[in-house]
Amino acid sequence: MKVEVDPHRCQGHTLCAMAAPTLFELSDIDGHATAVDTEVPADLAESAREAYRSCPEQAISVL
């Protein structure tokens, strides 16, 4: 499984990092998220899906 953040859609709500803190890092400037690593370990797959579901901007892709 892979996770990606669309930087054009992300508005810095930080909900993804609350759902999956080890999968996302947030900008100190504006809170925008980036994926720490696009490959998601199997034990964090459900957290990645929760981050995807919680994003109000639909900026997260889980592939």
# chains A, B, ... in the order shown; residues from 1 in each chain; ligands from 1

call {"tool": "residues_around", "arguments": {"residues": "region 2-10 of chain A", "least_positions_apart": "6", "cutoff": "10 Å", "atoms": "only C-alpha atoms", "output": "compact mmCIF listing (two decimals) with N, CA and C atoms, in the first residue's frame"}}
result
# COMPACT_ATOMS: atom_id res chain seq x y z
N CYS A 16 -4.94 14.24 9.11
CA CYS A 16 -4.20 13.04 8.71
C CYS A 16 -3.14 12.68 9.74
N LEU A 23 2.89 8.38 9.68
CA LEU A 23 2.86 8.38 8.22
C LEU A 23 2.97 9.76 7.59
N PHE A 24 2.67 10.80 8.38
CA PHE A 24 2.66 12.15 7.84
C PHE A 24 3.51 13.09 8.68
N GLY A 31 1.32 23.96 8.29
CA GLY A 31 0.62 22.73 8.68
C GLY A 31 0.33 21.78 7.55
N HIS A 32 0.73 22.12 6.32
CA HIS A 32 0.49 21.22 5.20
C HIS A 32 1.25 19.91 5.41
N ALA A 33 0.61 18.82 5.00
CA ALA A 33 1.15 17.49 5.23
C ALA A 33 1.91 16.97 4.02
N THR A 34 2.88 16.13 4.31
CA THR A 34 3.55 15.32 3.30
C THR A 34 3.68 13.92 3.89
N ALA A 35 3.72 12.94 3.01
CA ALA A 35 3.90 11.56 3.47
C ALA A 35 5.37 11.38 3.86
N VAL A 36 5.61 10.78 5.01
CA VAL A 36 6.98 10.51 5.46
C VAL A 36 7.64 9.55 4.49
N ASP A 37 6.91 8.53 4.10
CA ASP A 37 7.37 7.52 3.14
C ASP A 37 6.12 7.07 2.40
N THR A 38 6.20 6.94 1.10
CA THR A 38 5.00 6.56 0.36
C THR A 38 4.57 5.12 0.65
N GLU A 39 5.51 4.25 1.00
CA GLU A 39 5.17 2.86 1.32
C GLU A 39 4.64 2.77 2.76
N VAL A 40 3.48 2.19 2.90
CA VAL A 40 2.85 2.06 4.22
C VAL A 40 3.08 0.65 4.74
N PRO A 41 3.67 0.52 5.94
CA PRO A 41 3.82 -0.81 6.52
C PRO A 41 2.45 -1.45 6.76
N ALA A 45 -1.74 0.11 7.83
CA ALA A 45 -2.67 0.25 6.71
C ALA A 45 -4.01 0.85 7.15
N ALA A 48 -3.66 4.54 7.70
CA ALA A 48 -3.60 5.25 6.42
C ALA A 48 -5.00 5.44 5.86
N ARG A 49 -5.82 4.41 5.95
CA ARG A 49 -7.20 4.52 5.46
C ARG A 49 -8.00 5.54 6.28
N ALA A 51 -6.75 8.17 7.80
CA ALA A 51 -6.27 9.48 7.37
C ALA A 51 -6.94 9.89 6.07
N TYR A 52 -7.04 8.95 5.14
CA TYR A 52 -7.71 9.19 3.86
C TYR A 52 -9.16 9.62 4.08
N CYS A 55 -9.66 13.33 5.72
CA CYS A 55 -9.21 14.55 5.03
C CYS A 55 -10.40 15.27 4.38
N PRO A 56 -10.74 16.47 4.87
CA PRO A 56 -11.87 17.19 4.30
C PRO A 56 -11.61 17.71 2.88
N GLU A 57 -10.38 17.80 2.50
CA GLU A 57 -10.01 18.29 1.16
C GLU A 57 -9.79 17.18 0.16
N GLN A 58 -9.89 15.93 0.61
CA GLN A 58 -9.63 14.76 -0.23
C GLN A 58 -8.25 14.86 -0.89
N ALA A 59 -7.27 15.28 -0.09
CA ALA A 59 -5.90 15.46 -0.58
C ALA A 59 -5.05 14.20 -0.47
N ILE A 60 -5.56 13.18 0.21
CA ILE A 60 -4.78 11.97 0.45
C ILE A 60 -5.25 10.86 -0.47
N SER A 61 -4.29 10.20 -1.08
CA SER A 61 -4.57 9.03 -1.92
C SER A 61 -3.95 7.81 -1.27
N VAL A 62 -4.70 6.75 -1.20
CA VAL A 62 -4.21 5.47 -0.71
C VAL A 62 -4.30 4.51 -1.89
N LEU A 63 -3.16 4.01 -2.31
CA LEU A 63 -3.09 3.16 -3.50
C LEU A 63 -2.68 1.76 -3.13

call {"tool": "select_by_dssp", "arguments": {"residues": "region 15-63 of chain A", "states": "strand (DSSP E or B)", "output": "PyMOL selection string"}}
result
chain A and resi 24-26+33-35+39+60-62

call {"tool": "atom_distance", "arguments": {"atom1": "CA of Asp28 (chain A)", "atom2": "CA of Ala42 (chain A)"}}
result
28.3 Å
